[in-house]
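**Student:** Contents of upload19.txt (compact mmCIF, C-alpha atoms):
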```
# COMPACT_ATOMS: atom_id res chain seq x y z
CA MET A 160 34.00 -3.26 -54.34
CA ARG A 161 33.33 0.39 -53.27
CA LYS A 162 29.65 0.12 -54.09
CA PHE A 163 29.36 -2.73 -51.56
CA ILE A 164 31.50 -1.11 -48.86
CA LEU A 165 29.66 2.25 -48.75
CA PRO A 166 26.18 0.76 -48.09
CA PHE A 167 27.73 -1.54 -45.49
CA LEU A 168 29.39 1.41 -43.73
CA PHE A 169 26.12 3.35 -43.84
CA ILE A 170 24.22 0.46 -42.23
CA LEU A 171 26.98 0.06 -39.63
CA VAL A 172 26.74 3.74 -38.71
CA LEU A 173 22.96 3.43 -38.32
CA VAL A 174 23.30 0.34 -36.09
CA ILE A 175 25.97 1.93 -33.90
CA GLY A 176 23.97 5.15 -33.70
CA GLY A 177 20.90 3.19 -32.66
CA LEU A 178 22.85 1.35 -29.97
CA PHE A 179 24.18 4.61 -28.58
CA ALA A 180 20.65 6.05 -28.59
CA ILE A 181 19.36 3.03 -26.64
CA ILE A 182 22.23 3.27 -24.13
CA HIS A 183 21.64 7.00 -23.73
CA TYR A 184 17.91 6.44 -23.18
CA LYS A 185 18.51 3.72 -20.58
CA ASN A 186 21.08 5.84 -18.74
CA LYS A 187 18.66 8.75 -18.74
CA MET A 188 15.84 6.58 -17.37
CA ASN A 189 18.18 5.13 -14.73
CA SER A 190 18.91 8.64 -13.47
CA TYR A 191 15.29 8.97 -12.31
CA VAL A 192 13.72 7.47 -9.20
CA ASN A 193 12.27 4.08 -10.15
CA GLU A 194 9.06 3.91 -8.15
CA ARG A 195 7.92 0.73 -9.87
CA VAL A 196 10.88 -1.28 -8.55
CA LEU A 197 10.03 -0.23 -5.00
CA ILE A 198 6.34 -1.07 -5.48
CA GLU A 199 7.20 -4.47 -6.92
CA ARG A 200 9.53 -5.24 -4.03
CA ALA A 201 6.94 -4.23 -1.45
CA MET A 202 4.26 -6.37 -3.11
CA GLU A 203 6.50 -9.41 -3.47
CA GLU A 204 7.82 -9.31 0.09
CA GLN A 205 4.39 -8.87 1.65
CA ARG A 206 3.24 -12.06 -0.11
CA GLU A 207 5.56 -13.95 2.25
CA PHE A 208 3.92 -12.49 5.35
CA LEU A 209 1.54 -14.62 7.37
CA LYS A 210 -2.08 -13.55 6.96
CA PRO A 211 -5.43 -14.58 8.50
CA GLY A 212 -6.10 -18.09 7.27
CA TYR A 213 -9.82 -18.03 7.99
CA ILE A 214 -10.78 -15.27 5.50
CA THR A 215 -13.11 -16.44 2.74
CA GLU A 216 -13.42 -15.38 -0.88
CA ARG A 217 -14.70 -11.93 -1.68
CA TYR A 218 -18.50 -11.60 -1.66
CA ASN A 219 -18.92 -14.78 0.37
CA PHE A 220 -21.94 -13.73 2.43
CA ASP A 221 -22.24 -17.05 4.24
CA ASN A 222 -19.40 -16.09 6.56
CA GLY A 223 -19.64 -12.34 6.06
CA PHE A 224 -16.02 -11.14 5.78
CA SER A 225 -15.32 -7.86 3.97
CA LEU A 226 -12.12 -5.87 3.63
CA ASN A 227 -12.23 -2.80 5.86
CA SER A 228 -8.86 -1.40 4.75
CA GLN A 229 -5.34 -2.40 3.76
CA SER A 230 -2.04 -0.58 3.35
CA ILE A 231 1.42 -1.80 2.37
CA TYR A 232 4.25 0.62 3.20
CA PHE A 233 7.91 0.39 2.15
CA ASN A 234 10.79 2.73 3.02
CA LYS A 235 13.70 2.59 0.55
CA ASN A 236 16.45 3.69 2.95
CA THR A 237 15.46 1.75 6.07
CA GLU A 238 13.80 -1.16 4.22
CA GLU A 239 10.94 -0.96 6.70
CA LEU A 240 7.95 -2.89 5.39
CA THR A 241 4.56 -2.86 7.08
CA LEU A 242 1.20 -4.37 6.28
CA ASN A 243 -1.89 -2.99 8.02
CA LEU A 244 -4.86 -5.18 7.28
CA SER A 245 -8.37 -5.18 8.70
CA TYR A 246 -11.55 -7.09 7.96
CA ILE A 247 -15.09 -6.74 9.24
CA HIS A 248 -17.15 -9.80 10.12
CA ALA A 249 -20.55 -8.35 9.21
CA PRO A 250 -22.91 -10.76 11.05
CA THR A 251 -21.24 -10.00 14.41
CA ASN A 252 -19.93 -6.52 13.48
CA THR A 253 -16.50 -7.63 14.64
CA TYR A 254 -13.45 -5.60 13.67
CA LEU A 255 -10.48 -7.87 12.83
CA PRO A 256 -7.17 -6.01 12.42
CA LEU A 257 -3.65 -7.33 11.83
CA THR A 258 -0.42 -5.33 11.84
CA VAL A 259 2.69 -6.90 10.30
CA GLU A 260 6.10 -5.24 10.66
CA LYS A 261 9.51 -6.01 9.21
CA ASN A 262 12.76 -4.11 9.84
CA LEU A 263 11.08 -1.63 12.17
CA LYS A 264 13.28 -0.40 14.99
CA ASN A 265 10.80 -0.94 17.80
CA ASN A 266 10.24 -3.55 20.49
CA ARG A 267 6.59 -4.23 19.78
CA PHE A 268 6.88 -7.92 20.65
CA GLU A 269 8.46 -7.41 24.09
CA ASP A 270 6.49 -4.25 24.87
CA THR A 271 3.16 -5.91 24.09
CA LEU A 272 4.06 -9.09 25.93
CA ASN A 273 4.93 -7.12 29.07
CA LYS A 274 1.49 -5.44 29.04
CA LEU A 275 -0.63 -8.56 28.55
CA SER A 276 -2.61 -10.16 31.37
CA ASP A 277 -3.61 -13.84 31.57
CA THR A 278 -0.84 -14.55 29.03
CA LYS A 279 -0.69 -17.93 27.32
CA PRO A 280 1.46 -19.21 24.42
CA LEU A 281 0.08 -19.77 20.95
CA GLU A 282 0.41 -23.36 19.77
CA LYS A 283 1.43 -23.08 16.10
CA ILE A 284 3.49 -19.89 16.01
CA ASN A 285 6.04 -18.20 18.24
CA GLY A 286 3.67 -15.90 20.09
CA TYR A 287 1.33 -15.24 22.98
CA TYR A 288 -2.21 -14.07 23.60
CA GLY A 289 -4.01 -12.37 26.48
CA TYR A 290 -5.71 -9.07 27.15
CA ILE A 291 -5.08 -5.50 28.26
CA GLU A 292 -7.71 -3.92 30.50
CA LYS A 293 -8.68 -0.32 29.74
CA GLU A 294 -11.51 1.53 31.51
CA GLY A 295 -13.01 -1.71 32.71
CA LYS A 296 -12.96 -3.40 29.28
CA LYS A 297 -10.81 -6.32 28.22
CA HIS A 298 -9.03 -5.69 24.92
CA TYR A 299 -7.88 -9.09 23.68
CA GLN A 300 -4.60 -9.31 21.79
CA PHE A 301 -2.04 -11.67 20.36
CA ILE A 302 1.56 -10.90 19.52
CA ALA A 303 3.86 -13.18 17.52
CA GLU A 304 7.28 -13.06 15.92
CA GLU A 305 8.51 -15.32 13.11
CA ASP A 306 11.68 -14.90 11.01
CA GLY A 307 12.19 -11.32 12.18
CA VAL A 308 8.60 -10.31 11.33
CA THR A 309 6.17 -9.18 14.04
CA TYR A 310 2.44 -9.93 13.91
CA SER A 311 -0.01 -8.20 16.24
CA PHE A 312 -3.77 -8.23 16.71
CA GLU A 313 -5.54 -5.88 19.12
CA ASP A 314 -9.24 -5.53 19.86
CA PHE A 315 -9.32 -1.72 19.86
CA ILE A 316 -13.03 -1.52 20.63
CA GLY A 317 -13.15 -3.75 23.66
CA HIS A 318 -16.84 -4.69 23.50
CA ASN A 319 -17.15 -7.07 20.54
CA THR A 320 -19.23 -9.92 21.89
CA ALA A 321 -17.56 -12.42 19.57
CA LEU A 322 -14.01 -11.68 20.71
CA ASP A 323 -12.68 -13.57 23.69
CA SER A 324 -9.51 -15.34 24.70
CA GLU A 325 -10.38 -18.58 22.90
CA LEU A 326 -11.14 -16.87 19.58
CA ILE A 327 -7.98 -14.72 19.73
CA ALA A 328 -5.88 -17.84 20.29
CA MET A 329 -7.44 -19.57 17.29
CA MET A 330 -6.90 -16.51 15.09
CA GLY A 331 -3.24 -16.33 16.05
CA ASP A 332 -2.72 -20.00 15.26
CA SER A 333 -4.54 -19.67 11.91
CA LEU A 334 -1.92 -17.31 10.41
CA LYS A 335 -0.34 -18.66 7.21
CA THR A 336 1.20 -17.49 3.95
CA GLU A 337 -0.66 -16.99 0.69
CA LYS A 338 1.25 -19.98 -0.67
CA ASP A 339 -0.26 -22.09 2.11
CA GLY A 340 -3.79 -20.90 1.33
CA ALA A 341 -4.35 -17.51 2.95
CA ILE A 342 -6.40 -15.32 0.65
CA SER A 343 -6.22 -11.56 0.28
CA HIS A 344 -9.20 -9.54 -0.94
CA PHE A 345 -6.77 -6.88 -2.15
CA TYR A 346 -5.92 -8.56 -5.44
CA ASP A 347 -9.36 -8.97 -6.97
CA ARG A 348 -10.34 -5.48 -5.74
CA PHE A 349 -7.35 -3.84 -7.47
CA SER A 350 -8.78 -1.78 -10.34
CA PHE A 351 -5.86 0.12 -11.90
CA ARG A 352 -4.40 -0.92 -15.24
CA LEU A 353 -0.60 -0.93 -15.17
CA ASN A 354 -0.35 1.31 -18.24
CA ASP A 355 -2.48 3.93 -16.49
CA LEU A 356 -0.11 4.27 -13.55
CA HIS A 357 2.27 7.20 -14.07
CA PHE A 358 4.90 8.76 -11.87
CA PRO A 359 6.93 11.96 -12.17
CA LYS A 360 10.47 11.95 -13.53
CA ILE A 361 12.41 13.02 -10.45
CA LYS A 362 16.17 12.61 -10.46
CA LYS A 363 17.65 10.23 -7.91
CA ASP A 364 20.29 12.75 -6.89
CA ASP A 365 17.61 15.28 -5.92
CA VAL A 366 16.05 13.14 -3.18
CA GLU A 367 17.33 11.69 0.07
CA ASN A 368 14.73 8.95 0.38
CA VAL A 369 11.60 7.51 -1.22
CA GLU A 370 8.65 5.78 0.43
CA VAL A 371 5.81 3.96 -1.29
CA GLU A 372 2.39 2.99 0.01
CA ILE A 373 -0.21 0.83 -1.74
CA ARG A 374 -3.65 1.19 -0.17
CA ASP A 375 -7.19 -0.09 -0.45
CA LEU A 376 -9.69 2.21 1.25
CA GLY A 377 -11.99 -0.73 1.85
CA HIS A 378 -15.65 -1.62 1.48
CA TRP A 379 -16.98 1.86 2.26
CA ALA A 380 -15.31 3.46 -0.78
CA PHE A 381 -17.11 3.97 -4.08
CA ASP A 382 -15.82 2.56 -7.39
CA ASN A 383 -12.03 2.14 -7.40
CA SER A 384 -10.85 2.25 -3.78
CA ASN A 385 -7.13 1.98 -4.55
CA ILE A 386 -4.42 4.56 -3.92
CA ILE A 387 -0.72 4.28 -4.76
CA GLU A 388 1.26 7.00 -3.00
CA VAL A 389 4.95 7.85 -3.38
CA THR A 390 6.64 10.26 -0.96
CA TYR A 391 9.83 11.98 -2.10
CA ASP A 392 12.09 13.31 0.65
CA PHE A 393 14.09 16.27 -0.66
CA GLY A 394 15.76 17.01 2.68
CA ASP A 395 15.26 20.01 4.96
CA ASP A 396 11.89 18.59 6.00
CA THR A 397 10.61 19.02 2.45
CA TYR A 398 8.35 16.23 1.21
CA VAL A 399 6.26 15.86 -1.92
CA LYS A 400 3.59 13.14 -2.04
CA PHE A 401 2.45 11.96 -5.47
CA SER A 402 -0.58 9.68 -5.69
CA ASN A 403 -2.56 7.69 -8.23
CA ALA A 404 -6.10 7.48 -6.80
CA GLY A 405 -9.24 5.73 -7.94
CA MET A 406 -11.60 8.24 -6.32
CA ASP A 407 -12.10 11.99 -6.15
CA LEU A 408 -11.09 12.65 -2.54
CA TYR A 409 -11.23 16.45 -2.56
CA ASN A 410 -14.13 17.97 -4.48
CA ASN A 411 -17.22 18.26 -2.26
CA ASN A 412 -15.08 17.49 0.81
CA VAL A 413 -15.57 20.04 3.59
CA GLY A 414 -11.99 19.58 4.77
CA PHE A 415 -10.54 21.22 1.65
CA GLU A 416 -10.98 24.73 0.29
CA LYS A 417 -10.69 25.17 -3.47
CA LEU A 418 -8.08 27.76 -4.41
CA GLU A 419 -7.80 27.94 -8.21
CA GLU A 420 -7.97 25.99 -11.45
CA GLU A 421 -5.16 26.45 -13.98
CA HIS A 422 -3.41 24.70 -16.87
CA THR A 423 0.17 23.46 -16.98
CA GLU A 424 2.33 24.09 -20.04
CA GLY A 425 1.53 20.53 -21.06
CA GLY A 426 -2.19 21.30 -21.05
CA VAL A 427 -3.16 19.52 -17.83
CA THR A 428 -6.03 21.13 -15.92
CA VAL A 429 -4.98 21.31 -12.27
CA THR A 430 -7.16 22.29 -9.31
CA SER A 431 -5.44 23.37 -6.11
CA PHE A 432 -6.91 22.98 -2.63
CA ASP A 433 -5.96 24.23 0.81
CA ASP A 434 -6.18 21.70 3.64
CA VAL A 435 -8.18 23.61 6.24
CA TYR A 436 -6.96 21.36 9.06
CA VAL A 437 -3.22 21.18 8.28
CA GLU A 438 -1.04 24.29 8.07
CA ASP A 439 1.24 24.64 5.00
CA ARG A 440 -0.44 21.79 3.14
CA THR A 441 -1.48 22.37 -0.46
CA ILE A 442 -3.10 19.76 -2.71
CA TYR A 443 -2.80 19.76 -6.51
CA PHE A 444 -5.42 17.58 -8.16
CA TRP A 445 -6.02 16.52 -11.76
CA GLU A 446 -7.85 13.80 -13.67
CA ALA A 447 -6.43 11.57 -16.42
CA ASP A 448 -6.53 7.94 -17.62
CA GLY A 449 -9.95 7.45 -16.05
CA HIS A 450 -8.73 8.12 -12.50
CA TYR A 451 -7.23 10.86 -10.35
CA TYR A 452 -3.75 12.16 -9.59
CA ILE A 453 -2.72 14.09 -6.50
CA ILE A 454 0.32 15.98 -5.30
CA VAL A 455 0.36 16.88 -1.62
CA LEU A 456 2.96 19.48 -0.67
CA ASP A 457 3.61 19.37 3.06
CA SER A 458 6.14 22.18 3.25
CA PRO A 459 6.20 25.98 2.87
CA ASN A 460 5.96 27.07 -0.74
CA GLU A 461 9.41 28.69 -0.85
CA HIS A 462 10.86 25.20 -1.44
CA PHE A 463 8.63 24.48 -4.45
CA SER A 464 6.98 27.10 -6.58
CA LYS A 465 3.70 26.45 -8.35
CA GLU A 466 5.66 26.30 -11.60
CA ASP A 467 7.89 23.58 -10.11
CA ILE A 468 4.83 21.51 -9.23
CA TYR A 469 3.40 21.98 -12.72
CA GLU A 470 6.68 20.74 -14.22
CA ILE A 471 6.46 17.64 -12.03
CA ILE A 472 2.89 17.08 -13.22
CA ASP A 473 3.85 17.43 -16.89
CA SER A 474 6.78 15.04 -16.41
CA SER A 475 4.35 12.41 -15.08
CA ARG A 476 2.24 12.73 -18.22
CA GLU A 477 5.35 11.82 -20.24
CA ASP A 478 6.07 8.76 -18.09
CA ARG A 479 5.86 5.54 -20.09
CA ARG A 480 8.19 3.37 -18.01
CA PRO A 481 6.84 -0.19 -17.58
CA PHE A 482 6.56 -2.51 -14.62
CA THR A 483 8.96 -5.44 -14.81
CA ASN A 484 6.42 -7.81 -13.25
CA ILE A 485 3.08 -7.55 -15.05
CA ASN A 486 1.47 -9.72 -12.33
CA VAL A 487 2.60 -7.50 -9.46
CA PHE A 488 -0.99 -6.83 -8.33
CA LYS A 489 -2.46 -10.27 -9.07
CA ALA A 490 -3.11 -13.16 -6.71
CA GLN A 491 -0.78 -16.11 -6.97
CA ASN A 492 -3.13 -18.64 -5.44
CA GLU A 493 -6.50 -19.78 -6.71
CA GLY A 494 -8.43 -19.31 -3.50
CA PRO A 495 -8.43 -20.03 0.24
CA VAL A 496 -7.37 -23.37 1.64
CA HIS A 497 -9.17 -23.70 4.96
CA SER A 498 -8.04 -25.99 7.74
CA GLU A 499 -10.27 -27.43 10.43
CA LEU A 500 -9.12 -24.58 12.65
CA ASP A 501 -10.28 -22.00 10.09
CA LYS A 502 -13.69 -23.66 9.88
CA LYS A 503 -13.87 -23.70 13.66
CA ILE A 504 -13.28 -19.92 13.66
CA HIS A 505 -16.15 -19.48 11.17
CA ASP A 506 -18.50 -21.50 13.36
CA TYR A 507 -17.35 -19.71 16.52
CA LEU A 508 -18.09 -16.30 15.01
CA LEU A 509 -21.49 -17.31 13.64
CA ASN A 510 -22.46 -18.71 17.04
CA HIS A 511 -22.03 -15.23 18.48
CA VAL A 512 -24.43 -13.41 16.15
CA ASP A 513 -26.83 -11.30 18.23
```
As structure tokens, please, write out the structure in this file.

**Tutor:**
Amino acid sequence: MRKFILPFLFILVLVIGGLFAIIHYKNKMNSYVNERVLIERAMEEQREFLKPGYITERYNFDNGFSLNSQSIYFNKNTEELTLNLSYIHAPTNTYLPLTVEKNLKNNRFEDTLNKLSDTKPLEKINGYYGYIEKEGKKHYQFIAEEDGVTYSFEDFIGHNTALDSELIAMMGDSLKTEKDGAISHFYDRFSFRLNDLHFPKIKKDDVENVEVEIRDLGHWAFDNSNIIEVTYDFGDDTYVKFSNAGMDLYNNNVGFEKLEEEHTEGGVTVTSFDDVYVEDRTIYFWEADGHYYIIVLDSPNEHFSKEDIYEIIDSSREDRRPFTNINVFKAQNEGPVHSELDKKIHDYLLNHVD
């Protein structure tokens, strides 16, 4: 009997030991800031926002829309979520921005409404359109609010020949969710592989707040125009920004002065830059996984030594934590579903080509 019991006990010890190792590993991982959870939440919630319904597929030159820029921002503590989105209609050179805000403590809806002239209600959404006159130019706008989310469009330029009161009204009424057929150029432009996105292992107890921002620099950028930025608030006005970037934003840029090139203990080659326009801003820059990583330190160096920054960099190289949702950056619709109103917007724009 003993010769059966001893192997059994040995196997039992191995199993229990393995379980304790797994529990210890999970507890250790849970003690770090989980940036991926915040990114996933931001991406999922912004899918529910209303977006311009008239936008066509990427590279559709018949109607000429291209993504100028996009940013999705989420604040962990306040749960503020914003989407800044802008397209360019190339044939008319018309700039088409949209700002979407959730949980922001401002009165954008009322403040904008009080400034508008020739105000009229939108037909298909709770909102209004009109214009604000600045230096003799009419800047057409709409402002809307649905389910606690504010949507605003403003003609910042004030001299786009295609923009007038009728077009602004149609654009406001064309807003719809991705589920209802609004398309976003962001998804098929996203070029990072999930396994190549790494973040530092920073303990939750060391930070007071975390903010994430997912950006697309737009049509002007070369190659991969994506940036994922995480800002860690350590208190006492001390912030560290950690970014995954698809482009080299610092070498050959006149706004940054190269300081030195060194190696971390983990063997990462890091180049530091001084921001010539911002006091007490140092940039640490390195390349890995086919793209670029950046730490921006916006506080005096007595809070973080160079060695501290290098430890943060090495910890990011050890990061193998996965995303829970492997489709977090993928479109969930097959393409745009255009209504008669969307097609009317296309025709209206093309009729104003110089």

**Student:** What gap, in Å, lies between atom CA of Phe268 of chain A and atom CA of Phe315 of chain A?

**Tutor:**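 Atom CA of Phe315 of chain A lies at a distance of 17.4 Å from atom CA of Phe268 of chain A.
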
**Student:** Ranking A:Ala321, A:Leu376, A:Val308, A:Leu281 by minimum distance to Thr251 of chain A and counting all atoms listed in the file, which one comes first?

**Tutor:**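 Residue with the minimum atom-to-atom distance to Thr251 of chain A: A:Ala321.
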
**Student:** Any idea what's packed within 12 Å of segment 506-509 of chain A, counting only C-alpha atoms, ignoring anything in its chain fewer than 5 positions away? Could you give it as number ranges by chain?

**Tutor:** A: 213, 220-224, 247-255, 319-323, 325-327, 329-330, 499-501

**Student:** Need to verify the contact set: segment 405-419 of chain A, 8 Å, only C-alpha atoms, exclusion of same-chain residues closer than 6 positions in sequence. Can you return it as a ChimeraX atom specification?

**Tutor:** /A:350-351,381-386,430-436,450-451

**Student:** Please indicate the distance in Å from atom CA of Asn262 of chain A to atom CA of Asn234 of chain A, rounded to one decimal place.

**Tutor:**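 Computing the Euclidean distance for atom CA of Asn262 of chain A and atom CA of Asn234 of chain A yields 9.9 Å.
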
**Student:** Would you mind putting back N, CA and C atoms on segment 448-473 of chain A, then writing it out as a tab-separated table (two decimals), in the coordinates of the input?

**Tutor:**
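Printed below is part27.tsv as written:
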```tsv
chain	number	residue	atom	x	y	z
A	448	ASP	N	-6.55	9.41	-17.53
A	448	ASP	CA	-6.53	7.94	-17.62
A	448	ASP	C	-7.71	7.29	-16.91
A	449	GLY	N	-8.79	8.04	-16.71
A	449	GLY	CA	-9.95	7.45	-16.05
A	449	GLY	C	-9.85	7.44	-14.54
A	450	HIS	N	-8.79	8.01	-13.96
A	450	HIS	CA	-8.73	8.12	-12.50
A	450	HIS	C	-8.04	9.43	-12.13
A	451	TYR	N	-7.63	9.57	-10.88
A	451	TYR	CA	-7.23	10.86	-10.35
A	451	TYR	C	-5.78	10.84	-9.88
A	452	TYR	N	-5.13	11.99	-10.04
A	452	TYR	CA	-3.75	12.16	-9.59
A	452	TYR	C	-3.70	13.28	-8.57
A	453	ILE	N	-2.80	13.14	-7.61
A	453	ILE	CA	-2.72	14.09	-6.50
A	453	ILE	C	-1.27	14.36	-6.16
A	454	ILE	N	-0.95	15.61	-5.93
A	454	ILE	CA	0.32	15.98	-5.30
A	454	ILE	C	-0.02	16.71	-4.01
A	455	VAL	N	0.52	16.22	-2.91
A	455	VAL	CA	0.36	16.88	-1.62
A	455	VAL	C	1.71	17.48	-1.25
A	456	LEU	N	1.73	18.77	-1.04
A	456	LEU	CA	2.96	19.48	-0.67
A	456	LEU	C	2.86	19.85	0.79
A	457	ASP	N	3.68	19.19	1.61
A	457	ASP	CA	3.61	19.37	3.06
A	457	ASP	C	4.72	20.28	3.57
A	458	SER	N	5.07	21.28	2.82
A	458	SER	CA	6.14	22.18	3.25
A	458	SER	C	5.83	23.58	2.75
A	459	PRO	N	6.43	24.61	3.36
A	459	PRO	CA	6.20	25.98	2.87
A	459	PRO	C	6.55	26.12	1.41
A	460	ASN	N	5.84	26.98	0.71
A	460	ASN	CA	5.96	27.07	-0.74
A	460	ASN	C	7.27	27.64	-1.24
A	461	GLU	N	8.14	28.17	-0.35
A	461	GLU	CA	9.41	28.69	-0.85
A	461	GLU	C	10.32	27.57	-1.35
A	462	HIS	N	10.05	26.33	-0.95
A	462	HIS	CA	10.86	25.20	-1.44
A	462	HIS	C	10.44	24.79	-2.85
A	463	PHE	N	9.15	24.86	-3.13
A	463	PHE	CA	8.63	24.48	-4.45
A	463	PHE	C	7.65	25.55	-4.90
A	464	SER	N	7.93	26.15	-6.02
A	464	SER	CA	6.98	27.10	-6.58
A	464	SER	C	5.86	26.34	-7.28
A	465	LYS	N	4.79	27.06	-7.60
A	465	LYS	CA	3.70	26.45	-8.35
A	465	LYS	C	4.19	25.95	-9.70
A	466	GLU	N	5.10	26.71	-10.31
A	466	GLU	CA	5.66	26.30	-11.60
A	466	GLU	C	6.45	25.01	-11.48
A	467	ASP	N	7.16	24.83	-10.35
A	467	ASP	CA	7.89	23.58	-10.11
A	467	ASP	C	6.92	22.40	-10.06
A	468	ILE	N	5.82	22.58	-9.35
A	468	ILE	CA	4.83	21.51	-9.23
A	468	ILE	C	4.23	21.19	-10.60
A	469	TYR	N	3.95	22.22	-11.39
A	469	TYR	CA	3.40	21.98	-12.72
A	469	TYR	C	4.37	21.23	-13.61
A	470	GLU	N	5.68	21.50	-13.46
A	470	GLU	CA	6.68	20.74	-14.22
A	470	GLU	C	6.68	19.27	-13.81
A	471	ILE	N	6.54	19.03	-12.51
A	471	ILE	CA	6.46	17.64	-12.03
A	471	ILE	C	5.23	16.95	-12.62
A	472	ILE	N	4.11	17.66	-12.66
A	472	ILE	CA	2.89	17.08	-13.22
A	472	ILE	C	3.07	16.75	-14.69
A	473	ASP	N	3.63	17.68	-15.46
A	473	ASP	CA	3.85	17.43	-16.89
A	473	ASP	C	4.82	16.28	-17.11
```
